[in-house]
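Next comes work_35.txt, with compact mmCIF, C-alpha atoms and all ligand atoms.
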# COMPACT_ATOMS: atom_id res chain seq x y z
CA MET A 1180 -11.30 0.51 0.46
CA SER A 1181 -9.34 0.65 3.71
CA ALA A 1182 -6.59 -1.92 4.06
CA LYS A 1183 -6.94 -4.86 6.42
CA LEU A 1184 -4.02 -7.11 7.27
CA GLY A 1185 -3.89 -10.87 7.64
CA VAL A 1186 -0.68 -12.09 9.27
CA LEU A 1187 0.91 -15.52 8.87
CA ALA A 1188 3.39 -16.62 11.54
CA SER A 1189 4.88 -19.96 12.55
CA GLY A 1190 6.75 -19.03 15.71
CA ALA A 1191 7.24 -16.50 18.46
CA GLY A 1192 5.48 -13.72 16.62
CA SER A 1193 7.74 -10.85 17.65
CA ASN A 1194 7.27 -9.32 14.20
CA LEU A 1195 3.49 -9.68 14.55
CA GLN A 1196 3.85 -7.86 17.88
CA ALA A 1197 5.76 -5.06 16.15
CA LEU A 1198 2.89 -4.66 13.64
CA LEU A 1199 0.33 -4.60 16.46
CA ASP A 1200 2.34 -2.15 18.56
CA ASP A 1201 2.63 0.12 15.52
CA GLY A 1202 -1.17 0.28 15.37
CA LEU A 1203 -1.48 -1.44 12.00
CA PRO A 1204 -4.91 -2.85 11.12
CA VAL A 1205 -4.37 -6.59 11.75
CA VAL A 1206 -7.77 -8.32 11.47
CA ALA A 1207 -6.81 -12.02 11.38
CA VAL A 1208 -3.77 -14.18 12.18
CA ALA A 1209 -3.08 -17.72 11.00
CA SER A 1210 -0.32 -20.26 11.51
CA ASP A 1211 0.77 -23.70 10.38
CA VAL A 1212 1.72 -24.38 14.04
CA PRO A 1213 -1.34 -24.73 16.31
CA GLY A 1214 0.66 -23.89 19.48
CA ALA A 1215 2.55 -20.92 18.04
CA ARG A 1216 3.09 -18.05 20.47
CA ALA A 1217 2.09 -15.73 17.60
CA LEU A 1218 -1.51 -17.02 17.82
CA GLU A 1219 -1.57 -16.29 21.56
CA ARG A 1220 -0.37 -12.74 20.96
CA ALA A 1221 -3.26 -12.24 18.53
CA ARG A 1222 -5.84 -13.75 20.89
CA GLU A 1223 -4.60 -11.44 23.67
CA ARG A 1224 -5.70 -8.57 21.40
CA GLY A 1225 -9.04 -10.22 20.54
CA ILE A 1226 -7.94 -10.86 16.95
CA PRO A 1227 -9.43 -13.99 15.28
CA THR A 1228 -6.93 -16.80 14.73
CA ALA A 1229 -6.81 -20.13 12.95
CA ALA A 1230 -4.28 -22.93 12.50
CA PHE A 1231 -3.76 -24.70 9.19
CA PRO A 1232 -1.22 -27.41 10.05
CA ALA A 1233 1.32 -28.68 7.57
CA VAL A 1234 -0.07 -31.39 5.31
CA SER A 1235 1.35 -33.78 2.72
CA PRO A 1236 2.57 -32.08 -0.48
CA HIS A 1237 -0.44 -33.05 -2.59
CA ASP A 1238 -2.82 -31.47 -0.04
CA ARG A 1239 -1.07 -28.11 0.10
CA THR A 1240 -3.13 -26.54 -2.66
CA ALA A 1241 -6.34 -27.27 -0.73
CA ARG A 1242 -4.78 -26.15 2.58
CA ASP A 1243 -3.70 -22.83 1.07
CA ALA A 1244 -7.13 -22.32 -0.53
CA ALA A 1245 -8.71 -22.78 2.91
CA LEU A 1246 -6.23 -20.29 4.38
CA ALA A 1247 -7.18 -17.74 1.71
CA ARG A 1248 -10.88 -18.28 2.47
CA PHE A 1249 -10.22 -17.67 6.19
CA PHE A 1250 -8.52 -14.34 5.45
CA LEU A 1251 -11.05 -13.26 2.82
CA GLY A 1252 -13.85 -14.06 5.27
CA HIS A 1253 -12.32 -11.48 7.62
CA GLY A 1254 -12.01 -8.87 4.87
CA VAL A 1255 -8.23 -9.14 4.55
CA THR A 1256 -6.80 -7.03 1.72
CA HIS A 1257 -3.05 -7.55 2.32
CA VAL A 1258 -1.09 -10.41 3.89
CA VAL A 1259 2.14 -10.23 5.89
CA CYS A 1260 4.30 -13.33 6.38
CA ALA A 1261 6.01 -12.63 9.70
CA GLY A 1262 8.17 -15.70 10.26
CA TYR A 1263 5.90 -18.04 8.28
CA MET A 1264 7.88 -21.15 7.41
CA GLN A 1265 5.75 -22.56 4.57
CA ILE A 1266 5.81 -21.87 0.83
CA LEU A 1267 2.49 -20.37 -0.31
CA ARG A 1268 0.80 -22.00 -3.31
CA PRO A 1269 -0.94 -20.19 -6.18
CA SER A 1270 -4.26 -21.22 -4.55
CA PHE A 1271 -3.41 -18.60 -1.92
CA LEU A 1272 -1.25 -16.09 -3.82
CA ASP A 1273 -3.74 -15.72 -6.69
CA ARG A 1274 -6.32 -14.40 -4.21
CA PHE A 1275 -3.99 -11.57 -3.07
CA PRO A 1276 -2.03 -10.67 -6.22
CA GLY A 1277 1.04 -8.59 -5.37
CA ARG A 1278 -0.36 -8.03 -1.88
CA VAL A 1279 1.58 -10.62 0.13
CA LEU A 1280 4.74 -9.37 1.89
CA ASN A 1281 7.47 -11.28 3.71
CA VAL A 1282 10.25 -10.34 6.12
CA HIS A 1283 13.49 -12.27 5.66
CA PRO A 1284 16.59 -12.21 7.91
CA ALA A 1285 19.23 -11.47 5.23
CA LEU A 1286 19.98 -9.00 2.46
CA LEU A 1287 18.22 -10.81 -0.42
CA PRO A 1288 19.13 -12.09 -2.93
CA ALA A 1289 21.90 -13.21 -0.54
CA PHE A 1290 21.02 -16.13 1.74
CA PRO A 1291 17.45 -17.10 0.82
CA GLY A 1292 15.78 -20.03 2.57
CA ALA A 1293 15.14 -21.15 6.13
CA ARG A 1294 18.80 -21.04 7.32
CA ALA A 1295 19.65 -17.49 6.29
CA VAL A 1296 21.33 -16.52 9.57
CA GLU A 1297 23.42 -19.71 9.77
CA ASP A 1298 24.37 -19.38 6.09
CA ALA A 1299 25.52 -15.76 6.55
CA LEU A 1300 27.71 -16.78 9.50
CA ALA A 1301 29.15 -19.74 7.58
CA ALA A 1302 29.98 -17.47 4.63
CA GLY A 1303 31.92 -15.14 6.93
CA VAL A 1304 30.25 -11.93 5.72
CA ALA A 1305 30.87 -8.76 7.75
CA THR A 1306 27.39 -7.42 7.07
CA THR A 1307 24.03 -9.09 6.68
CA GLY A 1308 20.59 -7.62 7.29
CA ALA A 1309 16.85 -7.83 6.82
CA THR A 1310 14.63 -7.57 3.77
CA VAL A 1311 10.92 -6.94 3.22
CA HIS A 1312 9.78 -8.16 -0.18
CA VAL A 1313 6.68 -9.07 -2.16
CA VAL A 1314 6.03 -12.83 -2.14
CA ASP A 1315 5.95 -14.78 -5.37
CA GLU A 1316 5.95 -18.55 -5.92
CA GLY A 1317 9.70 -18.88 -5.35
CA VAL A 1318 11.66 -19.12 -2.10
CA ASP A 1319 12.38 -15.51 -1.04
CA THR A 1320 12.56 -14.35 -4.67
CA GLY A 1321 9.92 -11.60 -5.06
CA PRO A 1322 10.61 -7.87 -5.60
CA VAL A 1323 12.45 -6.18 -2.72
CA LEU A 1324 10.67 -3.26 -1.02
CA ARG A 1325 13.04 -2.33 1.79
CA GLN A 1326 16.31 -3.50 3.26
CA ALA A 1327 18.44 -2.64 6.29
CA GLU A 1328 21.98 -3.71 7.06
CA VAL A 1329 23.04 -5.47 10.26
CA PRO A 1330 26.73 -5.91 11.22
CA VAL A 1331 28.07 -9.37 12.04
CA HIS A 1332 30.21 -9.17 15.19
CA PRO A 1333 33.21 -11.39 15.94
CA GLY A 1334 32.05 -14.30 18.07
CA ASP A 1335 28.42 -14.03 16.92
CA THR A 1336 26.37 -17.20 17.21
CA PRO A 1337 23.18 -17.80 15.23
CA GLU A 1338 21.26 -16.71 18.35
CA THR A 1339 23.09 -13.42 18.92
CA LEU A 1340 22.99 -12.48 15.24
CA ARG A 1341 19.32 -13.50 14.91
CA ALA A 1342 18.44 -11.26 17.88
CA ARG A 1343 20.25 -8.27 16.33
CA ILE A 1344 18.48 -8.85 13.00
CA ARG A 1345 15.09 -9.15 14.69
CA ASP A 1346 15.49 -5.77 16.37
CA VAL A 1347 16.00 -4.26 12.92
CA GLU A 1348 13.06 -6.21 11.45
CA HIS A 1349 10.78 -4.78 14.12
CA ARG A 1350 11.37 -1.30 12.68
CA LEU A 1351 11.68 -2.27 9.01
CA LEU A 1352 8.54 -4.40 8.69
CA PRO A 1353 5.93 -1.98 10.11
CA ALA A 1354 7.42 0.88 8.06
CA ALA A 1355 7.29 -1.16 4.84
CA VAL A 1356 3.75 -2.37 5.49
CA ARG A 1357 2.61 1.16 6.30
CA GLU A 1358 4.03 2.38 3.01
CA VAL A 1359 2.38 -0.42 0.99
CA ILE A 1360 -1.07 0.07 2.49
CA ALA A 1361 -0.58 3.87 2.61
CA VAL A 1362 -2.01 4.57 6.06
C1 LIG A 1401 12.24 -13.46 11.67
O1 LIG A 1401 13.59 -13.26 11.88
C2 LIG A 1401 11.95 -13.59 10.19
O2 LIG A 1401 12.83 -12.85 9.39
C3 LIG A 1401 12.17 -15.05 9.95
O3 LIG A 1401 11.65 -15.67 11.09
C4 LIG A 1401 11.79 -14.80 12.21
C5 LIG A 1401 10.45 -14.72 12.89
O4 LIG A 1401 10.55 -14.20 14.18
N1 LIG A 1401 11.57 -15.47 8.71
P1 LIG A 1401 9.20 -13.86 15.00
O5 LIG A 1401 8.33 -15.11 15.03
O6 LIG A 1401 8.53 -12.72 14.33
O7 LIG A 1401 9.68 -13.50 16.37
For the structure just supplied, provide its representation as structure tokens.
Ligand code: GRF
Amino acid sequence: MSAKLGVLASGAGSNLQALLDDGLPVVAVASDVPGARALERARERGIPTAAFPAVSPHDRTARDAALARFFLGHGVTHVVCAGYMQILRPSFLDRFPGRVLNVHPALLPAFPGARAVEDALAAGVATTGATVHVVDEGVDTGPVLRQAEVPVHPGDTPETLRARIRDVEHRLLPAAVREVIAV
């Protein structure tokens, strides 16, 4: 069975772009943000997209089941969270066991969560980085596949540090995905 990727992205989608530019087999892209630039990037390549907006907590199981059906309907075998800012429920994860990856802007287990870059700056670390890991039901807790270090420079702001980390992610993520799907 040849691997097919579904990508989840909430924002700009520069990591999605890195996967596309690397020639990886992205067959469907979804977001919780209907206007996300990531969806536009996919449409520019003729890749099917869908938006599954955030819903109240008790509806998340149904929302994630619908998301899984969308990907399965396009033959997705592996999922990449590329800046996806929602926690995936078992109704999604159980359909892709061990086959959902995430890219995170810190050296996990340091600085999990949505404010990883700000937290690293506040902690005053000299080095942070990027991590690609397998997604489980926790927040940035699954097994680590690959990591790369990124130096923190004096005078860095969240924006300057985030940009330096993203450049590293754009190499790290396609390489890790390529290894997992063995193409
Ligand atoms: C990345 O830095 C990723 O680590 C974080 O969100 C950012 C997404 O950037 N979770 P983009 O949308 O891929 O440009």
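Proximity ranking of A:Leu1280, A:Ala1244, A:Leu1251, A:Ile1226 relative to ligand LIG 1401 (chain A) places A:Leu1280 first, based on all atoms listed in the file.
Interatomic distance, CA of Ala1207 (chain A) against CA of Leu1286 (chain A): 28.4 Å.
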Near-Glu1223 (chain A) list (12 Å; all atoms listed in the file; drop same-chain fewer than 6 positions) as a ChimeraX atom specification: /A:1196,1199,1208,1216-1217
Mind dumping a table of every chain A residue within 8 Å of ligand LIG 1401 (chain A), with the nearest atom pair and its distance in Å to one decimal, using all atoms listed in the file, sorted by chain and rising number, as a tab-separated table?
residue	atom	partner	partner_atom	distance
A:Ala1188	CA	A:LIG1401	O5	6.2
A:Ser1189	CA	A:LIG1401	O5	6.4
A:Gly1190	CA	A:LIG1401	O5	4.3
A:Ala1191	CA	A:LIG1401	O5	3.9
A:Gly1192	CA	A:LIG1401	O5	3.5
A:Ser1193	CA	A:LIG1401	O7	3.5
A:Asn1194	CA	A:LIG1401	O6	3.6
A:Leu1195	CA	A:LIG1401	O6	5.9
A:Gln1196	CA	A:LIG1401	O6	7.6
A:Ala1217	CA	A:LIG1401	O5	6.8
A:Cys1260	CA	A:LIG1401	N1	7.9
A:Ala1261	CA	A:LIG1401	O6	5.3
A:Gly1262	CA	A:LIG1401	O3	3.6
A:Tyr1263	CA	A:LIG1401	N1	6.2
A:Met1264	CA	A:LIG1401	N1	6.9
A:Asn1281	CA	A:LIG1401	N1	7.7
A:Val1282	CA	A:LIG1401	O2	4.9
A:His1283	CA	A:LIG1401	O2	3.8
A:Pro1284	CA	A:LIG1401	O2	4.1
A:Ala1285	CA	A:LIG1401	O2	7.8
A:Ala1293	CA	A:LIG1401	N1	7.2
A:Ala1309	CA	A:LIG1401	O2	6.9
A:Thr1310	CA	A:LIG1401	O2	7.9
A:Arg1341	CA	A:LIG1401	O1	6.5
A:Ala1342	CA	A:LIG1401	O1	8.0
A:Ile1344	CA	A:LIG1401	O1	6.7
A:Arg1345	CA	A:LIG1401	O1	5.2
A:Glu1348	CA	A:LIG1401	O2	7.0
Resulting file, chosen residues, C-alpha atoms, as a compact mmCIF listing (two decimals), in the coordinates of the input:
# COMPACT_ATOMS: atom_id res chain seq x y z
CA ALA A 1188 3.39 -16.62 11.54
CA SER A 1189 4.88 -19.96 12.55
CA GLY A 1190 6.75 -19.03 15.71
CA ALA A 1191 7.24 -16.50 18.46
CA GLY A 1192 5.48 -13.72 16.62
CA SER A 1193 7.74 -10.85 17.65
CA ASN A 1194 7.27 -9.32 14.20
CA LEU A 1195 3.49 -9.68 14.55
CA GLN A 1196 3.85 -7.86 17.88
CA ALA A 1217 2.09 -15.73 17.60
CA CYS A 1260 4.30 -13.33 6.38
CA ALA A 1261 6.01 -12.63 9.70
CA GLY A 1262 8.17 -15.70 10.26
CA TYR A 1263 5.90 -18.04 8.28
CA MET A 1264 7.88 -21.15 7.41
CA ASN A 1281 7.47 -11.28 3.71
CA VAL A 1282 10.25 -10.34 6.12
CA HIS A 1283 13.49 -12.27 5.66
CA PRO A 1284 16.59 -12.21 7.91
CA ALA A 1285 19.23 -11.47 5.23
CA ALA A 1293 15.14 -21.15 6.13
CA ALA A 1309 16.85 -7.83 6.82
CA THR A 1310 14.63 -7.57 3.77
CA ARG A 1341 19.32 -13.50 14.91
CA ALA A 1342 18.44 -11.26 17.88
CA ILE A 1344 18.48 -8.85 13.00
CA ARG A 1345 15.09 -9.15 14.69
CA GLU A 1348 13.06 -6.21 11.45
Which residue of A:Leu1287, A:Leu1246, A:Val1255, A:Leu1203 approaches Val1313 (chain A) most closely, using all atoms listed in the file: A:Leu1287
One-decimal distance in Å that lies between CA of Pro1269 (chain A) and CA of Ala1182 (chain A): 21.7 Å
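Taking CA of Ala1233 (chain A) and CA of Asp1315 (chain A) as endpoints, the distance between them is 19.5 Å.
Among the candidate residues A:Ala1197, A:Ile1360, A:Ala1355, A:Val1259, the one lying nearest to Ser1210 (chain A) is A:Val1259, with distances computed using all atoms listed in the file.
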Polymer residues at most 9 Å from Arg1278 (chain A), all atoms listed in the file, same-chain spacing of 2 or more positions, as a VMD selection string: chain A and resid 1256 to 1259 1272 1275 to 1276 1280 1313 to 1314 1359
Could those residues be written to a file, using C-alpha atoms, as an mmCIF file, in the frame of the given file?
data_model
loop_
_atom_site.group_PDB
_atom_site.id
_atom_site.type_symbol
_atom_site.label_atom_id
_atom_site.label_comp_id
_atom_site.auth_asym_id
_atom_site.auth_seq_id
_atom_site.Cartn_x
_atom_site.Cartn_y
_atom_site.Cartn_z
ATOM 1 C CA THR A 1256 -6.800 -7.030 1.720
ATOM 2 C CA HIS A 1257 -3.050 -7.550 2.320
ATOM 3 C CA VAL A 1258 -1.090 -10.410 3.890
ATOM 4 C CA VAL A 1259 2.140 -10.230 5.890
ATOM 5 C CA LEU A 1272 -1.250 -16.090 -3.820
ATOM 6 C CA PHE A 1275 -3.990 -11.570 -3.070
ATOM 7 C CA PRO A 1276 -2.030 -10.670 -6.220
ATOM 8 C CA LEU A 1280 4.740 -9.370 1.890
ATOM 9 C CA VAL A 1313 6.680 -9.070 -2.160
ATOM 10 C CA VAL A 1314 6.030 -12.830 -2.140
ATOM 11 C CA VAL A 1359 2.380 -0.420 0.990
#
Distance criterion (all atoms listed in the file): nearest to Asp1346 (chain A) out of A:His1332, A:Ala1327, A:Val1311, A:Val1279: A:Ala1327
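Comparing A:Gly1225, A:Pro1330, A:Pro1213, A:Pro1291 by their smallest distance to Thr1306 (chain A), the closest is A:Pro1330 (using all atoms listed in the file).
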Which residue of A:Pro1227, A:Gly1252, A:Gly1303, A:Gly1185 approaches Gly1334 (chain A) most closely, using all atoms listed in the file: A:Gly1303
Got a minute to add N, CA, C and O atoms to region 1198-1224 of chain A and dump it as a PDB file, in the frame of the given file?
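And here is the file that came out, selection.pdb:
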ATOM      1  N   LEU A1198       3.984  -5.197  14.478  1.00  0.00           N
ATOM      2  CA  LEU A1198       2.890  -4.660  13.640  1.00  0.00           C
ATOM      3  C   LEU A1198       1.754  -4.170  14.529  1.00  0.00           C
ATOM      4  O   LEU A1198       1.181  -3.087  14.305  1.00  0.00           O
ATOM      5  N   LEU A1199       1.423  -4.975  15.554  1.00  0.00           N
ATOM      6  CA  LEU A1199       0.330  -4.600  16.460  1.00  0.00           C
ATOM      7  C   LEU A1199       0.693  -3.339  17.238  1.00  0.00           C
ATOM      8  O   LEU A1199      -0.123  -2.402  17.352  1.00  0.00           O
ATOM      9  N   ASP A1200       1.916  -3.293  17.755  1.00  0.00           N
ATOM     10  CA  ASP A1200       2.340  -2.150  18.560  1.00  0.00           C
ATOM     11  C   ASP A1200       2.412  -0.877  17.727  1.00  0.00           C
ATOM     12  O   ASP A1200       2.308   0.232  18.255  1.00  0.00           O
ATOM     13  N   ASP A1201       2.585  -1.030  16.419  1.00  0.00           N
ATOM     14  CA  ASP A1201       2.630   0.120  15.520  1.00  0.00           C
ATOM     15  C   ASP A1201       1.213   0.585  15.140  1.00  0.00           C
ATOM     16  O   ASP A1201       1.044   1.541  14.385  1.00  0.00           O
ATOM     17  N   GLY A1202       0.217  -0.136  15.636  1.00  0.00           N
ATOM     18  CA  GLY A1202      -1.170   0.280  15.370  1.00  0.00           C
ATOM     19  C   GLY A1202      -1.669  -0.088  13.992  1.00  0.00           C
ATOM     20  O   GLY A1202      -2.668   0.481  13.517  1.00  0.00           O
ATOM     21  N   LEU A1203      -1.027  -1.049  13.341  1.00  0.00           N
ATOM     22  CA  LEU A1203      -1.480  -1.440  12.000  1.00  0.00           C
ATOM     23  C   LEU A1203      -2.748  -2.295  12.091  1.00  0.00           C
ATOM     24  O   LEU A1203      -2.971  -2.981  13.088  1.00  0.00           O
ATOM     25  N   PRO A1204      -3.579  -2.228  11.047  1.00  0.00           N
ATOM     26  CA  PRO A1204      -4.910  -2.850  11.120  1.00  0.00           C
ATOM     27  C   PRO A1204      -4.892  -4.368  10.869  1.00  0.00           C
ATOM     28  O   PRO A1204      -5.319  -4.844   9.821  1.00  0.00           O
ATOM     29  N   VAL A1205      -4.406  -5.127  11.866  1.00  0.00           N
ATOM     30  CA  VAL A1205      -4.370  -6.590  11.750  1.00  0.00           C
ATOM     31  C   VAL A1205      -5.745  -7.138  12.131  1.00  0.00           C
ATOM     32  O   VAL A1205      -6.207  -6.912  13.258  1.00  0.00           O
ATOM     33  N   VAL A1206      -6.406  -7.837  11.207  1.00  0.00           N
ATOM     34  CA  VAL A1206      -7.770  -8.320  11.470  1.00  0.00           C
ATOM     35  C   VAL A1206      -7.853  -9.836  11.616  1.00  0.00           C
ATOM     36  O   VAL A1206      -8.887 -10.355  12.050  1.00  0.00           O
ATOM     37  N   ALA A1207      -6.796 -10.557  11.248  1.00  0.00           N
ATOM     38  CA  ALA A1207      -6.810 -12.020  11.380  1.00  0.00           C
ATOM     39  C   ALA A1207      -5.369 -12.520  11.353  1.00  0.00           C
ATOM     40  O   ALA A1207      -4.518 -11.934  10.680  1.00  0.00           O
ATOM     41  N   VAL A1208      -5.119 -13.598  12.120  1.00  0.00           N
ATOM     42  CA  VAL A1208      -3.770 -14.180  12.180  1.00  0.00           C
ATOM     43  C   VAL A1208      -3.903 -15.691  12.019  1.00  0.00           C
ATOM     44  O   VAL A1208      -4.774 -16.313  12.648  1.00  0.00           O
ATOM     45  N   ALA A1209      -3.058 -16.268  11.198  1.00  0.00           N
ATOM     46  CA  ALA A1209      -3.080 -17.720  11.000  1.00  0.00           C
ATOM     47  C   ALA A1209      -1.672 -18.282  11.073  1.00  0.00           C
ATOM     48  O   ALA A1209      -0.684 -17.565  10.874  1.00  0.00           O
ATOM     49  N   SER A1210      -1.609 -19.580  11.361  1.00  0.00           N
ATOM     50  CA  SER A1210      -0.320 -20.260  11.510  1.00  0.00           C
ATOM     51  C   SER A1210      -0.439 -21.687  10.993  1.00  0.00           C
ATOM     52  O   SER A1210      -1.530 -22.258  10.956  1.00  0.00           O
ATOM     53  N   ASP A1211       0.719 -22.258  10.653  1.00  0.00           N
ATOM     54  CA  ASP A1211       0.770 -23.700  10.380  1.00  0.00           C
ATOM     55  C   ASP A1211       1.057 -24.470  11.657  1.00  0.00           C
ATOM     56  O   ASP A1211       1.016 -25.689  11.657  1.00  0.00           O
ATOM     57  N   VAL A1212       1.362 -23.754  12.759  1.00  0.00           N
ATOM     58  CA  VAL A1212       1.720 -24.380  14.040  1.00  0.00           C
ATOM     59  C   VAL A1212       0.642 -24.051  15.067  1.00  0.00           C
ATOM     60  O   VAL A1212       0.560 -22.914  15.539  1.00  0.00           O
ATOM     61  N   PRO A1213      -0.197 -25.036  15.422  1.00  0.00           N
ATOM     62  CA  PRO A1213      -1.340 -24.730  16.310  1.00  0.00           C
ATOM     63  C   PRO A1213      -0.930 -24.092  17.634  1.00  0.00           C
ATOM     64  O   PRO A1213      -1.653 -23.252  18.146  1.00  0.00           O
ATOM     65  N   GLY A1214       0.252 -24.446  18.181  1.00  0.00           N
ATOM     66  CA  GLY A1214       0.660 -23.890  19.480  1.00  0.00           C
ATOM     67  C   GLY A1214       1.543 -22.661  19.372  1.00  0.00           C
ATOM     68  O   GLY A1214       2.154 -22.270  20.373  1.00  0.00           O
ATOM     69  N   ALA A1215       1.615 -22.046  18.214  1.00  0.00           N
ATOM     70  CA  ALA A1215       2.550 -20.920  18.040  1.00  0.00           C
ATOM     71  C   ALA A1215       2.216 -19.764  18.978  1.00  0.00           C
ATOM     72  O   ALA A1215       1.050 -19.393  19.131  1.00  0.00           O
ATOM     73  N   ARG A1216       3.251 -19.207  19.575  1.00  0.00           N
ATOM     74  CA  ARG A1216       3.090 -18.050  20.470  1.00  0.00           C
ATOM     75  C   ARG A1216       2.426 -16.881  19.705  1.00  0.00           C
ATOM     76  O   ARG A1216       1.699 -16.076  20.289  1.00  0.00           O
ATOM     77  N   ALA A1217       2.681 -16.804  18.409  1.00  0.00           N
ATOM     78  CA  ALA A1217       2.090 -15.730  17.600  1.00  0.00           C
ATOM     79  C   ALA A1217       0.556 -15.745  17.713  1.00  0.00           C
ATOM     80  O   ALA A1217      -0.078 -14.686  17.799  1.00  0.00           O
ATOM     81  N   LEU A1218      -0.040 -16.933  17.734  1.00  0.00           N
ATOM     82  CA  LEU A1218      -1.510 -17.020  17.820  1.00  0.00           C
ATOM     83  C   LEU A1218      -1.990 -16.492  19.168  1.00  0.00           C
ATOM     84  O   LEU A1218      -3.023 -15.822  19.249  1.00  0.00           O
ATOM     85  N   GLU A1219      -1.219 -16.809  20.228  1.00  0.00           N
ATOM     86  CA  GLU A1219      -1.570 -16.290  21.560  1.00  0.00           C
ATOM     87  C   GLU A1219      -1.531 -14.775  21.591  1.00  0.00           C
ATOM     88  O   GLU A1219      -2.411 -14.125  22.155  1.00  0.00           O
ATOM     89  N   ARG A1220      -0.489 -14.208  20.985  1.00  0.00           N
ATOM     90  CA  ARG A1220      -0.370 -12.740  20.960  1.00  0.00           C
ATOM     91  C   ARG A1220      -1.596 -12.122  20.302  1.00  0.00           C
ATOM     92  O   ARG A1220      -2.094 -11.081  20.736  1.00  0.00           O
ATOM     93  N   ALA A1221      -2.077 -12.768  19.227  1.00  0.00           N
ATOM     94  CA  ALA A1221      -3.260 -12.240  18.530  1.00  0.00           C
ATOM     95  C   ALA A1221      -4.492 -12.362  19.416  1.00  0.00           C
ATOM     96  O   ALA A1221      -5.274 -11.412  19.551  1.00  0.00           O
ATOM     97  N   ARG A1222      -4.652 -13.538  20.038  1.00  0.00           N
ATOM     98  CA  ARG A1222      -5.840 -13.750  20.890  1.00  0.00           C
ATOM     99  C   ARG A1222      -5.862 -12.757  22.037  1.00  0.00           C
ATOM    100  O   ARG A1222      -6.928 -12.284  22.432  1.00  0.00           O
ATOM    101  N   GLU A1223      -4.672 -12.424  22.585  1.00  0.00           N
ATOM    102  CA  GLU A1223      -4.600 -11.440  23.670  1.00  0.00           C
ATOM    103  C   GLU A1223      -5.177 -10.091  23.238  1.00  0.00           C
ATOM    104  O   GLU A1223      -5.634  -9.305  24.063  1.00  0.00           O
ATOM    105  N   ARG A1224      -5.143  -9.827  21.928  1.00  0.00           N
ATOM    106  CA  ARG A1224      -5.700  -8.570  21.400  1.00  0.00           C
ATOM    107  C   ARG A1224      -7.125  -8.759  20.867  1.00  0.00           C
ATOM    108  O   ARG A1224      -7.671  -7.865  20.232  1.00  0.00           O
TER     109      ARG A1224
END
